[in-house]
Structures are given as C-alpha cells and as structure tokens.
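Source file entry.cif; content: mmCIF, C-alpha atoms and all ligand atoms.
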data_work
loop_
_atom_site.label_atom_id
_atom_site.label_comp_id
_atom_site.auth_asym_id
_atom_site.auth_seq_id
_atom_site.Cartn_x
_atom_site.Cartn_y
_atom_site.Cartn_z
CA MET A 1 -23.02 -20.22 3.23
CA GLN A 2 -24.36 -17.03 1.88
CA VAL A 3 -21.87 -15.21 -0.27
CA GLN A 4 -22.41 -11.66 -1.28
CA ALA A 5 -20.52 -10.31 -4.21
CA PHE A 6 -19.02 -6.91 -3.62
CA SER A 7 -16.81 -5.23 -6.11
CA PRO A 8 -13.88 -5.60 -6.17
CA VAL A 9 -13.90 -7.68 -3.02
CA THR A 10 -16.20 -10.59 -2.45
CA SER A 11 -17.47 -10.71 1.07
CA TYR A 12 -18.07 -13.69 3.19
CA SER A 13 -21.26 -13.65 5.10
CA TYR A 14 -19.54 -13.49 8.37
CA PRO A 15 -19.49 -14.72 11.00
CA PRO A 16 -21.31 -17.71 9.65
CA GLN A 17 -24.39 -18.50 11.64
CA ASN A 18 -26.75 -21.43 11.54
CA ASP A 19 -25.20 -22.58 8.32
CA PRO A 20 -22.32 -24.84 9.22
CA VAL A 21 -22.27 -26.69 5.91
CA PRO A 22 -21.04 -24.96 2.78
CA SER A 23 -23.65 -24.85 0.08
CA GLY A 24 -23.44 -27.91 -2.05
CA ALA A 25 -21.52 -29.86 0.54
CA GLY A 26 -22.20 -33.42 0.99
CA SER A 27 -24.76 -35.77 2.27
CA PRO A 28 -26.28 -35.89 5.72
CA SER A 29 -24.35 -39.05 6.44
CA ASN A 30 -21.23 -38.73 8.52
CA PRO A 31 -18.13 -39.41 6.44
CA MET A 32 -15.94 -38.48 9.41
CA ALA A 33 -16.81 -41.86 10.85
CA GLY A 34 -14.47 -43.52 8.39
CA THR A 35 -10.87 -42.57 8.96
CA GLY A 36 -8.91 -41.65 5.91
CA ALA A 37 -11.89 -41.52 3.64
CA PRO A 38 -11.25 -39.06 0.83
CA SER A 39 -14.40 -37.20 1.69
CA ALA A 40 -13.62 -36.93 5.39
CA GLY A 41 -14.66 -33.61 6.76
CA ARG A 42 -17.72 -33.09 4.62
CA SER A 43 -19.73 -33.73 7.69
CA ALA A 44 -23.01 -32.16 8.54
CA GLU A 45 -22.18 -32.66 12.20
CA HIS A 46 -19.35 -30.22 12.77
CA PRO A 47 -19.60 -27.29 15.18
CA ASP A 48 -20.48 -23.82 14.04
CA ARG A 49 -17.41 -22.23 12.54
CA SER A 50 -17.26 -19.51 15.13
CA ASP A 51 -17.54 -21.90 18.09
CA ASP A 52 -14.35 -22.66 19.98
CA ALA A 53 -15.07 -26.36 19.40
CA TYR A 54 -14.48 -25.84 15.67
CA ALA A 55 -10.73 -25.64 16.43
CA SER A 56 -10.69 -29.25 17.66
CA TYR A 57 -12.84 -30.29 14.76
CA VAL A 58 -10.28 -28.86 12.31
CA ARG A 59 -7.35 -30.49 14.09
CA ASN A 60 -9.02 -33.89 14.25
CA ALA A 61 -10.19 -33.80 10.65
CA GLY A 62 -6.78 -32.66 9.44
CA ALA A 63 -4.95 -35.26 11.50
CA GLN A 64 -6.99 -38.00 9.87
CA GLN A 65 -5.32 -37.20 6.58
CA PRO A 66 -1.73 -36.25 7.32
CA LEU A 67 0.13 -34.50 4.53
CA SER A 68 2.29 -36.89 2.53
CA ALA A 69 5.94 -36.11 1.85
CA SER A 70 5.07 -34.98 -1.65
CA GLN A 71 2.21 -32.81 -0.38
CA LEU A 72 4.61 -31.20 2.11
CA ASN A 73 7.10 -30.49 -0.67
CA GLN A 74 4.37 -29.07 -2.83
CA ALA A 75 3.19 -26.91 0.06
CA ARG A 76 6.71 -25.52 0.53
CA ARG A 77 6.97 -24.64 -3.13
CA SER A 78 3.54 -23.08 -3.13
CA ILE A 79 4.41 -20.86 -0.15
CA VAL A 80 7.36 -19.39 -2.03
CA GLN A 81 5.32 -19.04 -5.20
CA ALA A 82 2.46 -17.33 -3.38
CA ALA A 83 4.76 -14.62 -2.07
CA GLN A 84 6.26 -14.17 -5.52
CA LYS A 85 2.81 -13.82 -7.06
CA SER A 86 2.01 -11.23 -4.40
CA LEU A 87 5.03 -8.94 -4.89
CA GLY A 88 3.05 -6.19 -6.60
CA ARG A 89 0.64 -6.05 -3.66
CA LEU A 90 3.27 -6.03 -0.90
CA ALA A 91 5.05 -3.06 0.62
CA ASP A 92 8.64 -4.12 0.29
CA PRO A 93 10.94 -7.12 -0.23
CA HIS A 94 11.36 -7.55 3.51
CA THR A 95 7.62 -8.05 3.96
CA ALA A 96 7.53 -10.61 1.14
CA GLU A 97 10.48 -12.45 2.64
CA THR A 98 9.01 -12.37 6.13
CA ILE A 99 5.67 -13.75 4.98
CA THR A 100 7.49 -16.56 3.19
CA LYS A 101 9.67 -17.34 6.19
CA THR A 102 6.78 -17.28 8.64
CA VAL A 103 4.58 -19.65 6.65
CA LEU A 104 7.49 -22.00 5.93
CA ASP A 105 8.35 -22.00 9.65
CA ALA A 106 4.78 -22.80 10.55
CA LEU A 107 4.73 -25.70 8.11
CA SER A 108 7.99 -27.16 9.39
CA ARG A 109 7.50 -26.59 13.12
CA SER A 110 3.79 -26.88 13.78
CA GLN A 111 1.79 -30.08 13.56
CA THR A 112 -1.35 -28.03 14.10
CA PHE A 113 -0.54 -25.91 11.04
CA ARG A 114 0.11 -29.02 8.95
CA ASP A 115 -3.23 -30.43 10.10
CA ALA A 116 -4.94 -27.17 9.16
CA VAL A 117 -3.25 -27.19 5.75
CA SER A 118 -4.49 -30.75 5.23
CA PHE A 119 -7.95 -29.64 6.30
CA GLY A 120 -7.88 -26.95 3.63
CA LEU A 121 -6.92 -29.50 1.00
CA HIS A 122 -9.64 -31.96 1.87
CA ASN A 123 -12.62 -29.95 3.10
CA ASP A 124 -14.99 -27.65 1.34
CA ALA A 125 -15.01 -25.37 4.37
CA GLY A 126 -11.38 -24.39 3.78
CA LYS A 127 -9.19 -23.25 0.91
CA PRO A 128 -5.91 -24.82 -0.24
CA LEU A 129 -2.96 -22.90 1.19
CA ALA A 130 -1.50 -22.74 -2.32
CA ASP A 131 -4.41 -20.61 -3.54
CA ILE A 132 -3.83 -17.76 -1.10
CA THR A 133 -1.99 -14.59 -2.06
CA TYR A 134 -0.99 -11.69 0.17
CA ARG A 135 -1.54 -7.94 0.26
CA ASN A 136 -0.62 -4.96 2.43
CA GLU A 137 -3.85 -2.98 2.24
CA TYR A 138 -4.36 -0.06 4.59
CA ALA A 139 -7.18 2.27 5.44
CA LEU A 140 -6.83 5.95 6.11
CA ASN A 141 -8.70 7.21 9.16
CA PRO A 142 -9.99 3.71 9.64
CA GLY A 143 -12.79 4.71 11.96
CA SER A 144 -14.59 6.45 9.14
CA SER A 145 -13.25 4.81 6.03
CA PRO A 146 -15.35 2.75 3.66
CA MET A 147 -15.13 -0.85 4.71
CA VAL A 148 -14.48 -3.69 2.38
CA GLY A 149 -16.16 -7.01 2.92
CA GLY A 150 -14.43 -10.03 4.33
CA MET A 151 -13.25 -11.44 7.60
CA GLN A 152 -11.72 -8.39 9.06
CA ASP A 153 -9.73 -8.38 12.26
CA GLN A 154 -8.80 -5.51 14.48
CA PRO A 155 -10.27 -2.94 12.14
CA ALA A 156 -9.30 0.23 13.87
CA SER A 157 -7.84 1.73 16.96
CA GLY A 158 -10.40 1.42 19.68
CA GLY A 159 -12.80 -0.18 17.28
CA GLY A 160 -13.34 -3.23 19.38
CA GLY A 161 -11.80 -5.72 17.00
CA GLY A 162 -15.09 -7.01 15.73
CA ASP A 163 -15.73 -8.34 12.32
CA MET A 164 -17.15 -5.75 10.08
CA GLN A 165 -19.19 -5.83 6.97
CA GLY A 166 -19.74 -2.59 5.27
CA PRO A 167 -21.22 -1.25 2.13
CA PRO A 168 -19.53 -2.13 -1.12
CA ALA A 169 -16.29 -0.23 -1.36
CA SER A 170 -15.88 1.65 -4.58
CA GLY A 171 -12.13 1.30 -4.67
CA ALA A 172 -10.63 -0.78 -1.99
CA ALA A 173 -9.43 0.36 1.36
CA VAL A 174 -8.75 3.91 0.34
CA GLY A 175 -11.47 5.78 -1.41
CA GLY A 176 -11.43 8.70 -3.77
CA THR A 177 -8.36 10.82 -4.06
CA GLN A 178 -7.21 10.44 -0.50
CA SER A 179 -3.59 9.49 -0.24
CA LEU A 180 -2.09 7.30 2.42
CA ALA A 181 0.82 9.68 2.53
CA ALA A 182 -1.40 11.87 4.67
CA GLY A 183 -1.30 9.21 7.32
CA GLN A 184 2.42 8.72 7.21
CA PRO A 185 3.85 8.39 10.71
CA GLN A 186 6.08 11.20 11.82
CA ASP A 187 9.50 10.74 13.35
CA ASN A 188 9.28 9.37 16.87
CA ASP A 189 5.55 9.24 16.60
CA THR A 190 4.48 6.59 19.04
CA GLY A 191 0.79 6.91 18.57
CA ASN A 192 -0.09 7.52 14.96
CA ARG A 193 -3.39 5.78 14.45
CA SER A 194 -4.61 7.47 11.31
CA LEU A 195 -3.39 4.63 9.11
CA ALA A 196 -4.33 1.06 9.93
CA PRO A 197 -3.82 -2.21 8.09
CA LEU A 198 -6.85 -4.09 6.85
CA ASN A 199 -6.03 -7.35 8.56
CA MET A 200 -8.43 -9.73 6.93
CA ALA A 201 -9.15 -12.82 4.91
CA ALA A 202 -11.12 -12.02 1.78
CA GLU A 203 -11.65 -12.91 -1.85
CA ASP A 204 -11.10 -10.82 -4.94
CA GLY A 205 -13.76 -10.27 -7.58
CA ALA A 206 -12.86 -13.56 -9.24
CA GLY A 207 -13.28 -15.49 -6.01
CA ARG A 208 -9.56 -15.95 -5.37
CA PRO A 209 -8.69 -15.96 -1.66
CA TYR A 210 -6.18 -13.51 -0.28
CA VAL A 211 -4.91 -12.34 3.07
CA SER A 212 -4.37 -8.66 3.67
CA PHE A 213 -2.09 -7.92 6.59
CA SER A 214 0.21 -5.34 8.11
CA VAL A 215 3.65 -4.65 6.65
CA ALA A 216 6.30 -6.71 8.40
CA PRO A 217 8.20 -5.27 11.34
CA ASN A 218 11.98 -5.57 11.40
CA THR A 219 13.44 -9.03 11.85
CA ASN A 220 14.38 -8.58 15.51
CA SER A 221 11.48 -6.32 16.39
CA PRO A 222 9.55 -6.87 19.62
CA TYR A 223 6.45 -6.76 17.41
CA MET A 224 7.54 -9.74 15.30
CA PRO A 225 6.03 -12.63 17.32
CA LEU A 226 2.58 -11.01 17.40
CA TRP A 227 2.90 -10.11 13.73
CA GLU A 228 3.67 -13.71 12.83
CA GLU A 229 0.81 -15.00 14.96
CA GLY A 230 -1.53 -12.45 13.40
CA LEU A 231 -0.55 -13.48 9.87
CA ILE A 232 -1.20 -17.10 10.79
CA HIS A 233 -4.61 -16.09 12.19
CA GLU A 234 -5.67 -14.70 8.80
CA ILE A 235 -4.33 -17.75 6.95
CA ILE A 236 -6.27 -20.00 9.34
CA HIS A 237 -9.48 -18.15 8.42
CA GLN A 238 -8.86 -19.08 4.79
CA ILE A 239 -7.64 -22.65 5.04
CA THR A 240 -10.13 -23.80 7.68
CA GLY A 241 -13.14 -21.53 7.25
CA ALA A 242 -12.99 -20.84 11.00
CA GLY A 243 -14.59 -17.66 12.27
CA ASP A 244 -14.15 -15.32 15.21
CA PRO A 245 -16.53 -14.90 18.15
CA ALA A 246 -19.60 -12.87 17.40
CA ASN A 247 -19.68 -9.48 19.09
CA ALA A 248 -15.90 -9.55 19.58
CA SER A 249 -16.24 -11.43 22.84
CA PRO A 250 -13.91 -10.22 25.59
CA ASN A 251 -14.05 -13.66 27.23
CA ARG A 252 -13.53 -16.11 24.40
CA LEU A 253 -10.81 -16.36 21.78
CA GLY A 254 -12.73 -18.19 19.08
CA PRO A 255 -11.49 -21.08 16.94
CA THR A 256 -9.28 -19.07 14.59
CA GLU A 257 -7.29 -17.46 17.39
CA ILE A 258 -7.17 -20.75 19.34
CA LEU A 259 -5.58 -22.45 16.34
CA ALA A 260 -3.26 -19.52 15.59
CA ARG A 261 -2.02 -19.38 19.19
CA ARG A 262 -1.42 -23.11 19.26
CA ILE A 263 0.58 -22.85 16.03
CA ALA A 264 2.55 -19.90 17.42
CA HIS A 265 3.47 -21.89 20.51
CA GLU A 266 4.57 -24.84 18.40
CA MET A 267 6.69 -22.40 16.36
CA GLY A 268 8.34 -21.24 19.57
CA LEU A 269 6.91 -17.73 19.44
CA HIS A 270 6.38 -15.94 22.72
CA ILE A 271 3.09 -14.10 22.70
CA PRO A 272 1.05 -12.78 25.60
CA ASP A 273 -2.10 -14.46 26.83
CA PHE A 274 -5.43 -12.72 26.39
CA ARG A 275 -8.84 -13.39 27.88
CA GLY A 276 -10.71 -13.12 24.66
CA TYR A 277 -10.74 -12.06 21.03
CA GLY A 278 -12.23 -8.67 21.87
CA ALA A 279 -10.40 -8.10 25.16
CA PRO A 280 -9.32 -4.44 25.40
CA GLU A 281 -5.75 -5.41 26.28
CA ARG A 282 -5.56 -7.54 23.14
CA ASN A 283 -6.88 -4.73 20.96
CA ALA A 284 -4.42 -2.32 22.53
CA MET A 285 -1.50 -4.63 21.87
CA LEU A 286 -2.54 -5.26 18.28
CA ASP A 287 -2.83 -1.50 17.78
CA GLN A 288 0.72 -1.11 19.09
CA ARG A 289 1.93 -3.90 16.83
CA ASN A 290 0.30 -2.37 13.76
CA ALA A 291 1.65 1.09 14.48
CA GLY A 292 5.10 -0.23 15.41
CA ALA A 293 5.39 -2.34 12.28
CA LEU A 294 4.48 0.64 10.11
CA ARG A 295 7.01 2.90 11.87
CA GLU A 296 9.73 0.30 11.39
CA ALA A 297 8.83 -0.12 7.74
CA ALA A 298 9.04 3.63 7.20
CA ALA A 299 12.42 3.72 8.95
CA ARG A 300 13.69 0.85 6.78
CA HIS A 301 13.20 3.04 3.74
CA GLY A 302 14.85 6.13 5.16
CA SER A 303 14.56 9.07 2.81
CA ASP A 304 12.40 6.95 0.52
CA ALA A 305 9.63 6.53 3.09
CA GLY A 306 7.41 8.76 0.97
CA ASN A 307 7.73 6.27 -1.88
CA LEU A 308 6.75 3.48 0.47
CA PHE A 309 3.52 5.28 1.38
CA LYS A 310 2.79 6.01 -2.27
CA ARG A 311 3.20 2.31 -2.91
CA LEU A 312 0.88 1.42 -0.04
CA ASP A 313 -1.62 3.90 -1.46
CA THR A 314 -1.60 2.12 -4.82
CA ILE A 315 -1.96 -1.29 -3.18
CA SER A 316 -4.73 -0.09 -0.88
CA LYS A 317 -6.69 1.22 -3.85
CA GLY A 318 -6.70 -2.30 -5.25
CA HIS A 319 -3.98 -1.84 -7.87
CA ASP A 320 -0.71 -3.60 -8.56
CA ALA A 321 2.47 -1.76 -7.70
CA SER A 322 5.76 -2.60 -9.37
CA PRO A 323 6.63 -6.24 -8.61
CA ASP A 324 10.34 -5.45 -8.66
CA PHE A 325 10.00 -2.64 -6.09
CA ARG A 326 11.81 -0.15 -8.32
CA ASP A 327 9.30 2.49 -7.26
CA LEU A 328 10.74 2.44 -3.76
CA GLY A 329 13.90 4.21 -4.84
CA THR A 330 17.59 3.99 -4.22
CA ALA A 331 17.69 4.47 -0.46
CA SER A 332 15.35 1.52 -0.07
CA ALA A 333 17.48 -0.64 -2.30
CA ALA A 334 20.56 0.30 -0.29
CA ASN A 335 18.82 -0.80 2.88
CA HIS A 336 18.13 -4.25 1.56
CA PRO A 337 20.73 -6.88 0.83
CA GLN A 338 20.92 -6.92 -2.93
CA GLU A 339 20.57 -10.64 -3.31
CA GLN A 340 17.21 -10.76 -1.58
CA TYR A 341 16.02 -7.72 -3.47
CA THR A 342 16.79 -9.31 -6.80
CA ARG A 343 15.76 -12.82 -5.80
CA PHE A 344 12.18 -11.63 -5.47
CA ALA A 345 12.39 -9.30 -8.41
CA ARG A 346 13.66 -12.02 -10.71
CA ALA A 347 10.85 -14.37 -9.82
CA ALA A 348 8.13 -11.82 -10.36
ZN ZN B 401 -10.11 -13.21 12.68
#
Let me see the structure of the file written as structure tokens.
Amino acid sequence: MQVQAFSPVTSYSYPPQNDPVPSGAGSPSNPMAGTGAPSAGRSAEHPDRSDDAYASYVRNAGAQQPLSASQLNQARRSIVQAAQKSLGRLADPHTAETITKTVLDALSRSQTFRDAVSFGLHNDAGKPLADITYRNEYALNPGSSPMVGGMQDQPASGGGGGDMQGPPASGAAVGGTQSLAAGQPQDNDTGNRSLAPLNMAAEDGAGRPYVSFSVAPNTNSPYMPLWEEGLIHEIIHQITGAGDPANASPNRLGPTEILARRIAHEMGLHIPDFRGYGAPERNAMLDQRNAGALREAAARHGSDAGNLFKRLDTISKGHDASPDFRDLGTASAANHPQEQYTRFARAA
C-alpha cells in the first residue's frame, strides 16, 4: 500500500485500490486455509479493502483466532490507557470518559468488535487497538480549510462525505492564526456549520495511529448512539484496514460502516438505516450529530465555553493542551463530578 508522508500527519493512500496486500505481506500461498495458524489473515486472496465483502473477510479471519481471556483483559486495560494518553488532545473529561466507556462497551457486548480487535492483532492490514490514541481535531470553515491526509469521514456540511486527500497541511486542521473561537456556536444556534470535526483515522508523523472524532455529546443526548457508532467506524478503519466506498456511494455502505453498524446493533444502540455511505440523508444526520454534540459540549462548560474553544483550537493545530484540563476553568470543573475530573487528571 502506498504511503505518503505528510507533515505532521501521515496519509494513507486511500481508498486503497488494486493493492489489497500490504507491502511486505506474506507469500502468495493461502494461510487462511489453516485455521488458527499464527499467520492467518496474511492472505493474498482477500477482497479489496473498500469492497463490502471485506467486512465478512475481517469477521471470519478474526473469528478464527478468538481473543483469549488474557488478551481480553489486556484489551480492557489498553482502552483505559489509550484515553489517558489522549487527555491532552481531547476537549474535556466527559469526552475522554465517553470514549473509554464506548470502546469498553463494544468489547464486552459485541462479538464482531472482538473479532475485529483480534484481526488487528494478527493481520498486517490492521493495527492493534492498544496502539490507537484519540483526538478532537476540528476544522474552521471546513469547505475551504486545508485538508490533512488520512481516512476522513463526513468532511464538511454538504461535502458529500467522501474521503479526501489534500495537500500537506502546514499545521493541522486549523491553519495560520485562525482561531476556532470564531466558529463557536451561538446560543440556540441550530445550524452552525462553520466548525466541523475531522472525523478520521490517520497516523502522526511517527507513524502512530490515531482517531480524530467529534467531542462527545451529553450522556443522554439523542446524538449519542450515532456518535458511538461513528467513533467505532473510525476505530474499525484502524484495526481492520477497511475502507469506505469510492465516490461516497449513495447505494452502498462499504465494509467499515457495515462492521460499525453490526457492532452498534450488538451493543444495543438504536441507529437509523441508510442506503449508502454517501446517502444525502446520512450526511444530513451526521451533520446534525456533529453540530449537536458541539452545542452540548459548549453548554456543558457554561461561562467557560470560550476556554473550551481555545482548547479545541490548540488541539486542532496539532498541539497538546493541558492533560489535567485546568485550562477549562472553574465553571467547567463545577459541571463535572470531581472524582471523574481528577481520576483522569491523576492518570495523565
Ligand atoms: Zn470511514
């Protein structure tokens, strides 16, 4: 697979085409024929990563090597540790907690997710779940902002939801001296679209995989099920190497979304059905989710919302913000139960 190095983000050549085998992977023989072989999955025979059939391939390959009890325990620990490592790149403690809870839920409730995690452990096409960290990167005026490389989903309002590869970004999501505060939603604003999350699976300059995703909505928000499913979608990109349909097909979901929806159903999440990855109604709903989550995050921080947007600005420029969230201010701290606030801060 062709990999282009952008600074500071390394881009996947994406969607992968006519190159189903990672460079350096295996022999032309078919190790999948032997169940339980340590090299299972390094097959030259698997479907293209953006074909719907790749979803079944991942499930079957993962199911051949079920996670052991100790691997499951290690995975649980690594999920908590990943969120802790990510604190300086996340908007607030609630988002860190919600990422942790969502991934732990997926691991405990979804056989499909466990199979995908196993796939990531045993196949060159995917990354170990433990290696992934998380970020809340946003773009200002996303329709015209510099794009970073990577597997990007739902890039902008009305943008069609296609994967995008752009020129090397000189900062990260936000260039120059622009501040995200300019895109801060106003009270009762139901349609602010000037600030959009970079929902994507990417690698940093050192080749370490990360998922950038929207800030978390409130716990009982109507946007929560779609947020959880969307987070899982980005994780599936990383741990399986699955792609999305080329040209943002309105009639086909693609393997990543097929797997993410299956996991969401096994988790008991209620999410609407869509015709395809690029279906207008899906894009519209993801736009609403992104905007709604951001509004709820701003409301969580009350009079400190300005600090939240300053923090998002720092994160979106590719820098670490304070891992103990002290930059959010006192109103934010008052809005979070102290024990969760300090639990994350202590571990940072
Ligand atoms: Zn995707």
What does the list of residues within 7 Å of ligand ZN 401 (chain B) look like if you count only C-alpha atoms and all ligand atoms, written as a compact mmCIF listing (two decimals) with C-alpha atoms, keeping the file's coordinate frame?
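Listing of selection10.txt after writing:
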# COMPACT_ATOMS: atom_id res chain seq x y z
CA MET A 151 -13.25 -11.44 7.60
CA GLN A 152 -11.72 -8.39 9.06
CA ASP A 153 -9.73 -8.38 12.26
CA MET A 200 -8.43 -9.73 6.93
CA HIS A 233 -4.61 -16.09 12.19
CA GLU A 234 -5.67 -14.70 8.80
CA HIS A 237 -9.48 -18.15 8.42
CA GLY A 243 -14.59 -17.66 12.27
CA ASP A 244 -14.15 -15.32 15.21
CA THR A 256 -9.28 -19.07 14.59
CA GLU A 257 -7.29 -17.46 17.39
Can you tell me, as a list in words, what residues are no more than 7 Å from Ser50 (chain A) when counting all atoms listed in the file, ignoring any on the same chain fewer than 6 positions away?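 Selected residues are Pro15, Ala242, Gly243, Asp244, Pro245, Gly254 and Pro255 of chain A.
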For Leu328 (chain A), find every residue with an atom within 7 Å (counting only C-alpha atoms), except residues of its own chain fewer than 6 positions away, and show them as a PyMOL selection string. chain A and resi 304+307-308
Coordinates-based distance that separates CA of Ile271 (chain A) from CA of Pro209 (chain A) (Å, one decimal):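 Interatomic distance here is 27.1 Å.
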Nearest to Ala106 (chain A) among A:Glu281, A:Glu228, A:Asp273, A:Asp204, with distances taken over only C-alpha atoms: which residue is it? A:Glu228
Counting only C-alpha atoms, I want the residues whose atoms come within 12 Å of (7.8, -0.4, -9.1) in the file frame, returned as a ChimeraX atom specification. /A:87-93,307-308,310-312,314-315,319-330,332-333,345,348
One decimal, Å: what's the distance from CA of Asp105 (chain A) over to CA of Asn290 (chain A), could you say? 21.6 Å
Residue contacts of Tyr277 (chain A) (9 Å, only C-alpha atoms) excluding same-chain residues fewer than 4 positions away, as a list in words: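 Once the adjacent positions are removed, what remains is Gly161, Gly162, Asp244, Pro245, Ala248, Ser249, Pro250, Asn251, Arg252, Leu253, Gly254, Glu257, Arg282 and Asn283 of chain A.
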Between CA of Thr133 (chain A) and CA of Gln64 (chain A), what is the distance in Å, rounded to a tenth? 26.7 Å
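With only C-alpha atoms as the atoms that count, the minimum distance from Ala96 (chain A) to the choices A:Arg135, A:Arg275, A:His301, A:Arg289 is reached by A:Arg135.
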With distances taken over all atoms listed in the file, which of A:Phe274, A:Tyr134, A:Tyr54, A:Trp227 is nearest to Tyr210 (chain A)? A:Tyr134
Given only C-alpha atoms as the counted atoms, nearest of A:Gln111, A:Ser194, A:Ser118, A:Gln81 to Ala130 (chain A): A:Gln81
Between A:Ala279, A:Val215, A:Ile239, A:Ala139, single out the one closest to Asn123 (chain A), counting only C-alpha atoms.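 Closest to Asn123 (chain A) of all the choices is A:Ile239.
Residue nearest Ser316 (chain A) within the list A:Glu203, A:Asp124, A:Asp115, A:Glu137: A:Glu137 [criterion: smallest interatomic distance, only C-alpha atoms].
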